[in-house]
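Asker: Structure file structure_29.tsv, TSV, C-alpha atoms (C1' of nucleotides) and all ligand atoms, is pasted below:
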chain	number	residue	atom	x	y	z
D	235	MET	CA	-15.19	-16.26	5.70
D	236	GLU	CA	-12.98	-16.92	8.66
D	237	LEU	CA	-11.91	-20.48	8.12
D	238	ALA	CA	-8.74	-20.20	10.14
D	239	LYS	CA	-8.60	-23.31	12.27
D	240	THR	CA	-5.81	-21.53	14.10
D	241	PRO	CA	-3.81	-22.89	16.97
D	242	GLU	CA	-3.36	-19.37	18.24
D	243	ILE	CA	-3.44	-18.78	21.96
D	244	LYS	CA	-4.73	-15.26	21.79
D	245	GLU	CA	-4.23	-13.14	24.84
D	246	PRO	CA	-7.18	-10.81	25.29
D	247	VAL	CA	-6.88	-7.35	23.83
D	248	TYR	CA	-7.10	-5.48	27.12
D	249	ARG	CA	-3.75	-7.00	27.98
D	250	TRP	CA	-2.29	-4.28	25.83
D	251	ASP	CA	-3.04	-1.10	27.66
D	252	GLU	CA	-0.85	1.98	27.60
D	253	LYS	CA	1.23	0.73	30.49
D	254	ALA	CA	1.92	-2.69	29.03
D	255	ILE	CA	2.86	-1.19	25.72
D	256	LYS	CA	5.29	1.21	27.32
D	257	GLN	CA	6.84	-1.68	29.17
D	258	ILE	CA	7.52	-3.50	25.93
D	259	VAL	CA	9.54	-0.59	24.62
D	260	ARG	CA	11.47	-0.36	27.88
D	261	ASP	CA	12.11	-4.08	27.83
D	262	MET	CA	13.57	-3.63	24.39
D	263	GLY	CA	16.06	-1.20	25.84
D	264	LEU	CA	14.72	1.67	23.75
D	265	LYS	CA	13.40	5.07	24.58
D	266	VAL	CA	9.67	5.37	25.00
D	267	THR	CA	8.46	7.69	22.28
D	268	GLN	CA	4.94	8.46	21.21
D	269	GLN	CA	5.82	7.10	17.76
D	270	ARG	CA	6.76	3.73	19.11
D	271	LEU	CA	3.66	3.53	21.25
D	272	THR	CA	1.49	4.36	18.28
D	273	ILE	CA	3.16	1.78	16.11
D	274	LEU	CA	2.87	-0.87	18.79
D	275	GLU	CA	-0.80	-0.10	19.32
D	276	CYS	CA	-1.43	-0.64	15.64
D	277	ILE	CA	0.47	-3.89	15.61
D	278	LEU	CA	-1.16	-5.25	18.73
D	279	ARG	CA	-4.69	-4.15	18.03
D	280	GLY	CA	-4.71	-4.15	14.25
D	281	ARG	CA	-4.92	-6.92	11.74
D	282	ASP	CA	-2.57	-9.82	11.70
D	283	HIS	CA	-0.03	-10.47	8.96
D	284	ILE	CA	0.29	-6.80	8.16
D	285	THR	CA	2.73	-5.32	5.69
D	286	ALA	CA	4.98	-2.40	6.53
D	287	GLN	CA	2.96	-0.30	4.14
D	288	GLU	CA	-0.35	-1.24	5.72
D	289	LEU	CA	1.05	-0.62	9.16
D	290	TYR	CA	2.27	2.78	8.02
D	291	GLU	CA	-1.20	3.63	6.81
D	292	ALA	CA	-2.79	2.51	10.07
D	293	VAL	CA	-0.26	4.58	11.98
D	294	GLN	CA	-0.83	7.60	9.75
D	295	ALA	CA	-4.46	7.64	10.80
D	296	LYS	CA	-3.39	8.23	14.39
D	297	ASP	CA	-0.43	10.50	13.74
D	298	PRO	CA	-0.04	11.95	10.27
D	299	ASN	CA	3.40	13.23	11.12
D	300	LEU	CA	4.79	9.83	11.97
D	301	GLY	CA	7.31	8.98	9.33
D	302	PHE	CA	7.70	6.13	7.10
D	303	ALA	CA	11.27	5.23	8.00
D	304	THR	CA	10.30	5.13	11.65
D	305	VAL	CA	7.87	2.32	10.98
D	306	TYR	CA	10.47	0.29	9.12
D	307	ARG	CA	13.15	1.02	11.68
D	308	PHE	CA	11.02	-0.03	14.59
D	309	LEU	CA	9.70	-3.08	12.75
D	310	LYS	CA	13.25	-4.17	12.22
D	311	GLN	CA	14.08	-3.81	15.86
D	312	LEU	CA	10.95	-5.67	16.85
D	313	THR	CA	11.90	-8.45	14.47
D	314	GLU	CA	15.47	-8.63	15.71
D	315	GLN	CA	14.29	-8.94	19.27
D	316	GLU	CA	11.69	-11.44	18.15
D	317	TYR	CA	8.69	-9.49	19.34
D	318	VAL	CA	7.27	-9.77	15.86
D	319	SER	CA	8.03	-12.31	13.21
D	320	GLU	CA	8.44	-11.63	9.58
D	321	VAL	CA	6.65	-13.76	7.03
D	322	ARG	CA	7.98	-13.55	3.51
D	323	MET	CA	6.06	-15.10	0.66
D	324	GLY	CA	7.92	-15.26	-2.60
D	325	GLY	CA	8.92	-11.83	-3.78
D	326	LEU	CA	5.99	-10.15	-2.06
D	327	PRO	CA	6.39	-7.52	0.63
D	328	ALA	CA	7.10	-8.97	4.05
D	329	ARG	CA	4.24	-9.39	6.48
D	330	TYR	CA	4.54	-9.06	10.24
D	331	GLU	CA	2.76	-10.61	13.17
D	332	TRP	CA	3.13	-10.30	16.91
D	333	ALA	CA	5.18	-13.34	17.78
D	334	ARG	CA	4.57	-13.57	21.49
D	335	LYS	CA	0.93	-14.48	21.58
D	336	LYS	CA	1.17	-17.52	19.38
D	337	SER	CA	3.35	-20.54	19.30
D	338	HIS	CA	5.42	-21.26	16.23
D	339	HIS	CA	3.35	-21.93	13.17
D	340	ASP	CA	3.51	-21.89	9.41
D	341	HIS	CA	1.10	-20.53	6.84
D	342	LEU	CA	-1.26	-21.77	4.18
D	343	THR	CA	-2.22	-18.97	1.81
D	344	CYS	CA	-4.94	-18.77	-0.81
D	345	LYS	CA	-3.43	-17.71	-4.11
D	346	GLN	CA	-6.74	-16.20	-5.18
D	347	CYS	CA	-7.96	-14.11	-2.28
D	348	GLY	CA	-4.95	-14.07	0.00
D	349	SER	CA	-6.63	-15.47	3.09
D	350	ILE	CA	-4.19	-17.13	5.43
D	351	CYS	CA	-4.52	-20.18	7.63
D	352	GLU	CA	-2.05	-20.87	10.35
D	353	PHE	CA	-1.05	-24.37	11.27
D	354	GLU	CA	1.49	-26.18	13.32
D	355	ASN	CA	2.62	-29.68	12.68
D	356	GLN	CA	5.15	-31.24	14.98
D	357	GLN	CA	5.73	-34.12	12.61
D	358	ILE	CA	6.99	-31.78	9.91
D	359	GLU	CA	9.13	-29.90	12.41
D	360	ASP	CA	10.70	-33.17	13.50
D	361	LEU	CA	11.32	-34.28	9.94
D	362	GLN	CA	13.06	-31.00	9.22
D	363	GLU	CA	15.38	-31.56	12.14
D	364	ALA	CA	16.09	-35.06	10.94
D	365	ILE	CA	16.89	-33.89	7.43
D	366	ALA	CA	19.27	-31.20	8.62
D	367	LYS	CA	20.98	-33.68	10.91
D	368	SER	CA	21.35	-36.18	8.09
D	369	PHE	CA	23.43	-33.62	6.21
D	370	GLY	CA	25.39	-32.71	9.32
D	371	TYR	CA	23.78	-29.28	9.52
D	372	ILE	CA	22.66	-27.50	12.66
D	373	LEU	CA	19.18	-26.30	11.80
D	374	THR	CA	18.61	-22.69	12.74
D	375	SER	CA	15.41	-21.75	10.97
D	376	HIS	CA	13.04	-22.70	8.24
D	377	VAL	CA	10.42	-21.35	5.92
D	378	LEU	CA	7.37	-23.42	5.12
D	379	GLU	CA	4.65	-21.79	3.11
D	380	LEU	CA	1.80	-23.67	1.49
D	381	TYR	CA	-0.18	-22.15	-1.35
D	382	GLY	CA	-3.51	-23.23	-2.67
D	383	ILE	CA	-7.11	-22.33	-3.33
D	384	CYS	CA	-9.35	-21.81	-0.34
D	385	PRO	CA	-12.86	-23.30	-0.10
D	386	GLU	CA	-14.48	-19.92	-0.79
D	387	CYS	CA	-12.53	-19.40	-3.97
D	388	GLN	CA	-13.17	-22.95	-5.09
D	389	LYS	CA	-16.90	-22.28	-4.97
D	390	GLU	CA	-17.02	-18.97	-6.71
D	391	ASP	CA	-14.68	-20.22	-9.37
D	392	GLY	CA	-12.48	-17.36	-8.33
D	393	ILE	CA	-13.77	-14.30	-10.09
D	394	LEU	CA	-12.84	-12.08	-7.18
D	395	PRO	CA	-9.12	-11.96	-7.54
D	396	GLY	CA	-8.76	-8.50	-6.07
D	397	THR	CA	-10.19	-9.28	-2.68
D	398	LYS	CA	-6.92	-10.12	-1.00
D	399	ASN	CA	-7.82	-10.43	2.64
D	400	PHE	CA	-4.61	-11.51	4.24
D	401	SER	CA	-6.44	-12.40	7.44
Q	192	MET	CA	33.46	-29.55	0.23
Q	193	GLU	CA	30.70	-31.12	-1.82
Q	194	LEU	CA	28.51	-32.60	0.82
Q	195	ALA	CA	25.37	-32.55	-1.31
Q	196	LYS	CA	23.77	-35.94	-0.79
Q	197	THR	CA	21.61	-35.01	-3.74
Q	198	PRO	CA	18.84	-37.10	-5.20
Q	199	GLU	CA	19.47	-35.48	-8.55
Q	200	ILE	CA	19.08	-37.60	-11.63
Q	201	LYS	CA	21.54	-35.70	-13.75
Q	202	GLU	CA	21.30	-36.19	-17.44
Q	203	PRO	CA	24.76	-36.09	-18.99
Q	204	VAL	CA	25.96	-32.77	-20.32
Q	205	TYR	CA	26.28	-33.82	-23.93
Q	206	ARG	CA	22.53	-34.14	-23.98
Q	207	TRP	CA	22.46	-30.40	-24.46
Q	208	ASP	CA	23.94	-29.90	-27.88
Q	209	GLU	CA	23.01	-27.08	-30.21
Q	210	LYS	CA	20.16	-29.04	-31.69
Q	211	ALA	CA	18.59	-30.02	-28.40
Q	212	ILE	CA	18.80	-26.49	-27.13
Q	213	LYS	CA	17.13	-25.12	-30.23
Q	214	GLN	CA	14.39	-27.66	-29.79
Q	215	ILE	CA	13.68	-26.42	-26.28
Q	216	VAL	CA	13.06	-22.93	-27.57
Q	217	ARG	CA	10.79	-24.25	-30.31
Q	218	ASP	CA	8.91	-26.37	-27.82
Q	219	MET	CA	8.32	-23.25	-25.80
Q	220	GLY	CA	6.61	-21.73	-28.81
Q	221	LEU	CA	9.21	-19.00	-29.10
Q	222	LYS	CA	11.44	-17.86	-31.87
Q	223	VAL	CA	14.90	-19.30	-31.96
Q	224	THR	CA	17.29	-16.43	-31.40
Q	225	GLN	CA	21.00	-16.50	-30.74
Q	226	GLN	CA	20.36	-14.75	-27.44
Q	227	ARG	CA	18.05	-17.45	-26.20
Q	228	LEU	CA	20.48	-20.16	-27.24
Q	229	THR	CA	23.29	-18.42	-25.40
Q	230	ILE	CA	21.23	-18.02	-22.27
Q	231	LEU	CA	20.11	-21.62	-22.36
Q	232	GLU	CA	23.67	-22.84	-22.82
Q	233	CYS	CA	24.70	-20.94	-19.73
Q	234	ILE	CA	21.82	-22.31	-17.71
Q	235	LEU	CA	22.32	-25.87	-18.83
Q	236	ARG	CA	26.07	-25.99	-18.64
Q	237	GLY	CA	26.74	-23.48	-15.88
Q	238	ARG	CA	26.39	-23.65	-12.15
Q	239	ASP	CA	23.21	-24.62	-10.44
Q	240	HIS	CA	21.08	-22.26	-8.34
Q	241	ILE	CA	22.23	-19.28	-10.30
Q	242	THR	CA	20.95	-15.75	-9.84
Q	243	ALA	CA	19.76	-13.61	-12.72
Q	244	GLN	CA	22.76	-11.40	-12.16
Q	245	GLU	CA	25.21	-14.30	-12.25
Q	246	LEU	CA	23.54	-15.66	-15.34
Q	247	TYR	CA	23.79	-12.27	-16.95
Q	248	GLU	CA	27.50	-12.19	-16.27
Q	249	ALA	CA	28.01	-15.68	-17.67
Q	250	VAL	CA	26.07	-14.70	-20.75
Q	251	GLN	CA	28.02	-11.47	-21.13
Q	252	ALA	CA	31.21	-13.48	-21.49
Q	253	LYS	CA	29.81	-15.11	-24.62
Q	254	ASP	CA	27.98	-12.14	-26.05
Q	255	PRO	CA	28.72	-8.72	-24.60
Q	256	ASN	CA	25.82	-7.21	-26.48
Q	257	LEU	CA	23.24	-9.46	-24.95
Q	258	GLY	CA	21.08	-7.32	-22.75
Q	259	PHE	CA	20.11	-7.47	-19.25
Q	260	ALA	CA	16.36	-7.36	-19.80
Q	261	THR	CA	16.61	-10.23	-22.22
Q	262	VAL	CA	17.97	-12.48	-19.51
Q	263	TYR	CA	15.21	-11.58	-17.10
Q	264	ARG	CA	12.56	-11.84	-19.78
Q	265	PHE	CA	13.64	-15.26	-20.90
Q	266	LEU	CA	14.11	-16.48	-17.34
Q	267	LYS	CA	10.55	-15.54	-16.63
Q	268	GLN	CA	9.28	-17.43	-19.63
Q	269	LEU	CA	11.34	-20.44	-18.69
Q	270	THR	CA	9.91	-20.28	-15.21
Q	271	GLU	CA	6.34	-19.93	-16.42
Q	272	GLN	CA	6.71	-22.95	-18.63
Q	273	GLU	CA	8.42	-24.78	-15.81
Q	274	TYR	CA	11.66	-25.40	-17.61
Q	275	VAL	CA	13.46	-23.76	-14.73
Q	276	SER	CA	12.31	-23.32	-11.20
Q	277	GLU	CA	12.78	-20.28	-9.10
Q	278	VAL	CA	14.07	-20.57	-5.57
Q	279	ARG	CA	13.51	-17.55	-3.39
Q	280	MET	CA	15.14	-17.34	-0.01
Q	281	GLY	CA	13.93	-14.53	2.17
Q	282	GLY	CA	14.50	-11.18	0.57
Q	283	LEU	CA	17.51	-12.42	-1.37
Q	284	PRO	CA	17.67	-12.42	-5.16
Q	285	ALA	CA	15.92	-15.37	-6.75
Q	286	ARG	CA	17.98	-18.35	-7.85
Q	287	TYR	CA	17.19	-20.53	-10.80
Q	288	GLU	CA	17.78	-24.15	-11.65
Q	289	TRP	CA	16.92	-26.33	-14.61
Q	290	ALA	CA	13.83	-28.13	-13.43
Q	291	ARG	CA	13.70	-30.99	-15.89
Q	292	LYS	CA	16.75	-32.94	-14.90
Q	293	LYS	CA	15.81	-33.37	-11.27
Q	294	SER	CA	12.73	-34.47	-9.48
Q	295	HIS	CA	11.05	-32.08	-7.08
Q	296	HIS	CA	13.19	-31.22	-4.11
Q	297	ASP	CA	13.63	-28.61	-1.44
Q	298	HIS	CA	16.74	-26.88	-0.13
Q	299	LEU	CA	18.85	-26.76	2.97
Q	300	THR	CA	21.11	-23.72	2.93
Q	301	CYS	CA	24.07	-22.80	5.09
Q	302	LYS	CA	23.58	-19.34	6.53
Q	303	GLN	CA	27.31	-18.87	6.79
Q	304	CYS	CA	28.78	-19.94	3.48
Q	305	GLY	CA	25.68	-20.36	1.34
Q	306	SER	CA	26.25	-23.95	0.29
Q	307	ILE	CA	23.05	-25.70	-0.65
Q	308	CYS	CA	21.91	-29.26	-0.12
Q	309	GLU	CA	18.97	-30.65	-1.99
Q	310	PHE	CA	16.63	-33.12	-0.44
Q	311	GLU	CA	13.33	-34.74	-1.08
Q	312	ASN	CA	11.09	-36.13	1.57
Q	313	GLN	CA	7.86	-37.74	0.58
Q	314	GLN	CA	6.62	-37.80	4.13
Q	315	ILE	CA	6.74	-34.02	4.33
Q	316	GLU	CA	5.08	-33.71	0.95
Q	317	ASP	CA	2.28	-35.96	2.12
Q	318	LEU	CA	1.84	-34.05	5.35
Q	319	GLN	CA	1.57	-30.82	3.40
Q	320	GLU	CA	-1.22	-32.31	1.32
Q	321	ALA	CA	-2.97	-33.48	4.44
Q	322	ILE	CA	-2.74	-30.06	6.07
Q	323	ALA	CA	-4.12	-28.29	3.04
Q	324	LYS	CA	-6.95	-30.77	2.80
Q	325	SER	CA	-7.78	-30.35	6.47
Q	326	PHE	CA	-8.46	-26.68	5.78
Q	327	GLY	CA	-10.39	-27.46	2.63
Q	328	TYR	CA	-7.70	-26.00	0.41
Q	329	ILE	CA	-6.50	-27.40	-2.88
Q	330	LEU	CA	-2.74	-27.32	-2.56
Q	331	THR	CA	-1.05	-25.84	-5.59
Q	332	SER	CA	2.52	-25.22	-4.46
Q	333	HIS	CA	4.77	-24.84	-1.49
Q	334	VAL	CA	8.02	-23.38	-0.34
Q	335	LEU	CA	10.17	-25.29	2.10
Q	336	GLU	CA	13.58	-23.89	2.87
Q	337	LEU	CA	15.74	-25.03	5.73
Q	338	TYR	CA	18.56	-22.87	7.06
Q	339	GLY	CA	21.43	-23.88	9.25
Q	340	ILE	CA	25.14	-24.18	9.66
Q	341	CYS	CA	26.93	-26.69	7.49
Q	342	PRO	CA	29.57	-29.08	8.84
Q	343	GLU	CA	32.40	-27.04	7.30
Q	344	CYS	CA	31.29	-23.85	8.96
Q	345	GLN	CA	30.73	-25.60	12.27
Q	346	LYS	CA	34.39	-26.62	12.28
Q	347	GLU	CA	35.97	-23.38	11.32
Q	348	ASP	CA	33.78	-21.52	13.77
Q	349	GLY	CA	32.64	-19.59	10.76
Q	350	ILE	CA	35.26	-16.94	10.12
Q	351	LEU	CA	34.76	-17.15	6.38
Q	352	PRO	CA	31.44	-15.44	5.98
Q	353	GLY	CA	32.19	-14.10	2.52
Q	354	THR	CA	32.69	-17.42	0.84
Q	355	LYS	CA	29.13	-17.91	-0.29
Q	356	ASN	CA	29.29	-20.88	-2.58
Q	357	PHE	CA	25.70	-21.45	-3.53
Q	358	SER	CA	26.56	-24.87	-4.97
W	117	DT	C1'	11.22	-11.90	-50.90
W	118	DT	C1'	8.02	-9.67	-48.26
W	119	DA	C1'	5.14	-8.88	-44.55
W	120	DT	C1'	4.45	-8.93	-39.87
W	121	DA	C1'	4.54	-10.14	-35.39
W	122	DA	C1'	8.00	-11.26	-32.09
W	123	DT	C1'	12.23	-9.98	-30.04
W	124	DT	C1'	15.82	-7.10	-28.64
W	125	DG	C1'	18.79	-3.52	-26.02
W	126	DA	C1'	18.92	0.56	-23.53
W	127	DG	C1'	17.37	2.82	-20.14
W	128	DA	C1'	13.62	4.45	-17.34
W	129	DA	C1'	10.45	3.08	-13.93
W	130	DC	C1'	9.06	0.55	-10.04
W	131	DC	C1'	8.74	-1.01	-5.36
W	132	DA	C1'	10.23	-2.51	-1.01
W	133	DT	C1'	13.61	-1.48	1.94
W	134	DT	C1'	17.73	0.93	3.95
W	135	DA	C1'	20.90	4.79	4.64
W	136	DT	C1'	21.87	9.69	5.50
W	137	DT	C1'	21.46	13.78	8.00
W	138	DA	C1'	19.94	17.83	10.22
W	139	DT	C1'	16.77	18.53	13.86
W	140	DT	C1'	14.21	17.22	17.89
W	141	DT	C1'	13.51	14.73	22.08
W	142	DA	C1'	13.72	11.25	26.11
W	143	DG	C1'	15.92	10.27	29.98
W	144	DT	C1'	19.59	11.22	33.12
W	145	DT	C1'	22.20	14.03	36.26
W	146	DG	C1'	22.81	17.69	39.36
N	241	DC	C1'	13.45	21.85	37.56
N	242	DA	C1'	17.28	22.83	33.98
N	243	DA	C1'	20.99	21.33	31.27
N	244	DC	C1'	23.09	17.80	28.86
N	245	DT	C1'	23.73	14.06	25.72
N	246	DA	C1'	22.84	10.07	23.33
N	247	DA	C1'	19.02	8.32	20.93
N	248	DA	C1'	15.26	9.01	17.89
N	249	DT	C1'	12.85	11.26	14.29
N	250	DA	C1'	11.19	13.05	9.57
N	251	DA	C1'	12.34	13.90	5.19
N	252	DT	C1'	14.54	12.52	1.60
N	253	DA	C1'	17.95	10.22	-1.14
N	254	DA	C1'	19.87	5.92	-2.25
N	255	DT	C1'	19.76	1.05	-3.18
N	256	DG	C1'	18.97	-3.29	-5.44
N	257	DG	C1'	16.31	-6.51	-7.70
N	258	DT	C1'	13.08	-6.74	-11.12
N	259	DT	C1'	9.79	-5.15	-14.68
N	260	DC	C1'	8.31	-1.96	-18.21
N	261	DT	C1'	8.64	1.01	-22.45
N	262	DC	C1'	9.70	1.76	-26.95
N	263	DA	C1'	12.20	2.40	-31.13
N	264	DA	C1'	14.97	-0.56	-33.88
N	265	DT	C1'	15.93	-5.20	-35.41
N	266	DT	C1'	15.00	-9.92	-36.76
N	267	DA	C1'	12.88	-14.70	-37.21
N	268	DT	C1'	9.48	-17.00	-39.44
N	269	DA	C1'	5.43	-17.89	-42.48
N	270	DA	C1'	3.39	-16.94	-46.79
D	501	MN	MN	0.84	-16.22	11.36
D	502	MN	MN	17.88	-27.24	-6.28
D	503	ZN	ZN	-9.38	-17.69	-1.42
D	504	ZN	ZN	28.65	-23.33	5.50
Rewrite the coordinates I just gave you, this time as structure tokens.

Answerer:
Amino acid sequence: MELAKTPEIKEPVYRWDEKAIKQIVRDMGLKVTQQRLTILECILRGRDHITAQELYEAVQAKDPNLGFATVYRFLKQLTEQEYVSEVRMGGLPARYEWARKKSHHDHLTCKQCGSICEFENQQIEDLQEAIAKSFGYILTSHVLELYGICPECQKEDGILPGTKNFS
Amino acid sequence: MELAKTPEIKEPVYRWDEKAIKQIVRDMGLKVTQQRLTILECILRGRDHITAQELYEAVQAKDPNLGFATVYRFLKQLTEQEYVSEVRMGGLPARYEWARKKSHHDHLTCKQCGSICEFENQQIEDLQEAIAKSFGYILTSHVLELYGICPECQKEDGILPGTKNFS
DNA sequence: TTATAATTGAGAACCATTATTATTTAGTTG
DNA sequence: CAACTAAATAATAATGGTTCTCAATTATAA
């Protein structure tokens, strides 16, 4: 199931205790509110590559009063300050991941079931730089998303299209 | 201004006369309607990397009755049958280009003014294949978009952020 | 020409995201 | 601790791109 040959350098979960989480919010120059702590907990301890909607649902479980806009607002701030990074695939809703526990990577997504592999490839990164330079551009960012059919879905001939486990 | 070191193999414009355009629609297995001819004319003779909205406006100039949904509908069919390809950048509106006059390419976009360079790089394509294979995936498609600052905008220190010429 | 299935235009619906605003609250200052 | 103020929140409306619905129209095959 978990075929992610990830290059992720995962910091252990206990790194993210109450105190550490509060410190993140302070470091961001924002007020420490229970809402922000709850949202951060869900991001740090929940699934990776989460959508705003999914995050909202996770957060709801802990605090049913926590509003919808608050999740989006805070997600935006986290993205701006590069605590999380936003992964956009086609016209689909954006997905978010904690950016500071992994090095830069791109994604390979199964079109059938949605499972995601992370990879990094310095050769491609270098080629991108070279291309930009050849046009006289200063490269500031890039999006590289690969789509395909994962080994699981190749086997089963893909009759489980609703599974969608964006791991 | 036009710095696009494009690899495009442009077929001359006169290739797209009335007859040829009608034939495209027939080849698609669709009925030949004046609306579809008008839309195709605008795609084939108009600017490249056009948005649905821009296309709609171009089409409006020729036929003010031609509806909005018709443009989207036909664009989708064209995309499905790979007559045009859809380029999505982040959360921005999709842009479309006639896919059958150029070979596959990716895009380098200026964040400031929006000008687009097209490039193809077989090395990157090969690496993508290799990555997918290494995870056991069958690669079906990919998105590679580079973003940066174009030479023009580097000069002028970028005080013309509204220019947006998605060439 | 007729029959019929495809196409159209208008507008409603949709969905992710952002903006607005009145109310509440965190953090500071005394 | 109490008072103050700027920041944050929840609810809700608005937005913008895109898709859907459906009654009316039209292209094509027989
Ligand atoms: Mn990732
Ligand atoms: Mn192009
Ligand atoms: Zn799969
Ligand atoms: Zn530029």

Asker: Residues of chain N no more than 9 Å from chain D, counting only C-alpha atoms (C1' of nucleotides): send them over as a list in words.

Answerer: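 Taken together, these residues fit the definition: DA247, DA248, DT249, DA250 and DA251 of chain N.
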
Asker: Please return, as a VMD selection string, all residues of chain W lying within 12 Å of chain D when only C-alpha atoms (C1' of nucleotides) are considered.

Answerer: chain W and resid 131 to 136 140 to 143

Asker: Up to 7 Å from chain D, what residues of chain Q turn up? Count all atoms listed in the file and give them as a list in words.

Answerer: Arg279, Gly281, Ile315, Gly327, Tyr328, Ile329, Leu330, Thr331, Ser332, His333, Val334, Leu335, Glu336, Leu337, Tyr338, Gly339, Ile340, Cys341 and Pro342 of chain Q

Asker: May I have the residues within 12 Å of DA243 in chain N as number ranges by chain, using only C-alpha atoms (C1' of nucleotides) and disregarding those fewer than 6 positions away in the same chain?

Answerer: W: 144-146

Asker: Restrict the selected residues to C-alpha atoms (C1' of nucleotides) and save them as a short mmCIF file (atom, residue, chain, number, x, y, z; two decimals), in the coordinates of the input.

Answerer:
data_model
loop_
_atom_site.label_atom_id
_atom_site.label_comp_id
_atom_site.auth_asym_id
_atom_site.auth_seq_id
_atom_site.Cartn_x
_atom_site.Cartn_y
_atom_site.Cartn_z
"C1'" DT W 144 19.59 11.22 33.12
"C1'" DT W 145 22.20 14.03 36.26
"C1'" DG W 146 22.81 17.69 39.36
#

Asker: Using Å and a single decimal, report how far C1' of DC130 in chain W sits from CA of Leu231 in chain Q.

Answerer: 27.7 Å

Asker: Counting all atoms listed in the file, which protein, DNA or RNA residues come within 9 Å of ligand MN 501 (chain D), given as a short mmCIF file (atom, residue, chain, number, x, y, z; two decimals) with C-alpha atoms, in the frame of the given file?

Answerer:
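Listed below is the output, result_31.cif:
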data_model
loop_
_atom_site.label_atom_id
_atom_site.label_comp_id
_atom_site.auth_asym_id
_atom_site.auth_seq_id
_atom_site.Cartn_x
_atom_site.Cartn_y
_atom_site.Cartn_z
CA THR D 240 -5.81 -21.53 14.10
CA GLU D 242 -3.36 -19.37 18.24
CA ASP D 282 -2.57 -9.82 11.70
CA HIS D 283 -0.03 -10.47 8.96
CA SER D 319 8.03 -12.31 13.21
CA VAL D 321 6.65 -13.76 7.03
CA TYR D 330 4.54 -9.06 10.24
CA GLU D 331 2.76 -10.61 13.17
CA TRP D 332 3.13 -10.30 16.91
CA ALA D 333 5.18 -13.34 17.78
CA LYS D 336 1.17 -17.52 19.38
CA HIS D 338 5.42 -21.26 16.23
CA HIS D 339 3.35 -21.93 13.17
CA ASP D 340 3.51 -21.89 9.41
CA HIS D 341 1.10 -20.53 6.84
CA ILE D 350 -4.19 -17.13 5.43
CA CYS D 351 -4.52 -20.18 7.63
CA GLU D 352 -2.05 -20.87 10.35
CA PHE D 353 -1.05 -24.37 11.27
#
